[in-house]
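Participant: Starting off with a structure, shown below.
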Amino acid sequence: MRNMPESTTHPGERSPALEIPGWKVVASTVAGSLLAVLFVLSGAWKITDPFSWAQRIAQLHVPANLSLAAACFFGVAETYAGVLVLVPRFRRWGAWLCGFLLIAFMVYIAYYYNALHGADCNCFPWLKRVVGPAFFLEDAAMLVLAVIAGWWARPSTCPRSAAIVLMAVAVFAAVSLGVSARMQSGVQAPARITVNGSPLSLRQGRFLIYFFDPECTHCTQAARNLARFDWRDVRIIGVPTAQPQFGPFFMDHTGLGAPVSNDLALLRKTFHFANAPYAVAIENGRQREALTDFDPQPLAQSLRAIGFIR
């Protein structure tokens, strides 16, 4: 019998042609680890604070009725991508998922670039970003990391294990959403705040605390929408989140005509939120509703459901 060539590999052995040079393995590992940190932190932030992220996403021209679902979806997708790209046997799948998310986000921002230019786009807790040329450069750099991590990684295996990881992340997100929803209602308001220089008790009666930025166009339109309602024994209190000296002018200019409180630190410590506009409906010292959607129809439905407007 003719002898087999010496170069033939035995079963179970890796062909030399399939071996990846050590420096490429190191580069893939470093790139994957950096991506994992970025994506897990970004996704976990969305999962653990979904209502605040729904508010941020709504300001990026996502329909308000879809913003909470979008926050949960992207939180799960980013966390899952970060976990996959960290684990060597899942790294290629995770890198492709990271790349897909980055490309999709850049395409979306490019489509709405004129409307979103200069808007906050803070996906990471420590990094403040705005929509502009630098935004695309930063995301392009992350896309390069994704290509390096995936291209020089070994083929991914164990789809069943990867599916279990996805289920675990989804369960974590569902539990976090439930806890956050519970925290959104029933929160006890501070006993009193200072309004126009005088103390005001929040323990008796109905109040709407409206947080706004005087220089924010979304806040201006939201205040005008609030001013159109027929309120039922509700005192509206405006709380500027920036430029407090312009608070009274903002209230008069929008027609809301409400007094202003500068106790932002105290109220923000109690009612956690990301960006203005934001409002809290309070009855007898406890939160009834947190308002993030200021489109006229859903806003009216929410306020009418708790009996704050006719």
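Simple scheme: letters A, B, ... for chains in structure tokens order, numbers from 1 for residues in each chain, numbers from 1 for ligands in the order shown.
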According to DSSP computed on the backbone, where in range 136-259 of chain A is there alpha helix (DSSP H)? Give the residues as an NGL selection string.

Facilitator: :A and (136-151 or 159-183 or 217-227 or 247-254)

Participant: Which residues, written as a PyMOL selection string, have at least one atom at most 12 Å from Asn114 in chain A, with only C-alpha atoms counted and residues fewer than 3 positions away on the same chain left out?

Facilitator: chain A and resi 60-61+108-111+117-119+131-133

Participant: Hey, which of A:Asp263, A:Glu19, A:Asp49, A:Asp252 ends up closest to Val175 in chain A? Count only C-alpha atoms.

Facilitator: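 Ranking A:Asp263, A:Glu19, A:Asp49, A:Asp252 by distance to Val175 in chain A, first place goes to A:Asp49.
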
Participant: Between A:Val280, A:Val62, A:Cys219, A:Leu291, single out the one closest to His253 in chain A, counting only C-alpha atoms.

Facilitator: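 Answer, going by the shortest atom-to-atom distance: A:Cys219.
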
Participant: Run DSSP on the backbone and give me the residues of range 51-219 of chain A it puts in strand (DSSP E), as a ChimeraX atom specification.

Facilitator: /A:192-195,198-201,206-212

Participant: Please measure the separation of CA of Trp45 in chain A and CA of Phe135 in chain A, giving the value in Å to one decimal.

Facilitator: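 Answer for the CA of Trp45 in chain A to CA of Phe135 in chain A separation: 19.5 Å.
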
Participant: Take CA of Gln287 in chain A and CA of Val187 in chain A and report the distance between them in Å, one decimal.

Facilitator: 5.2 Å
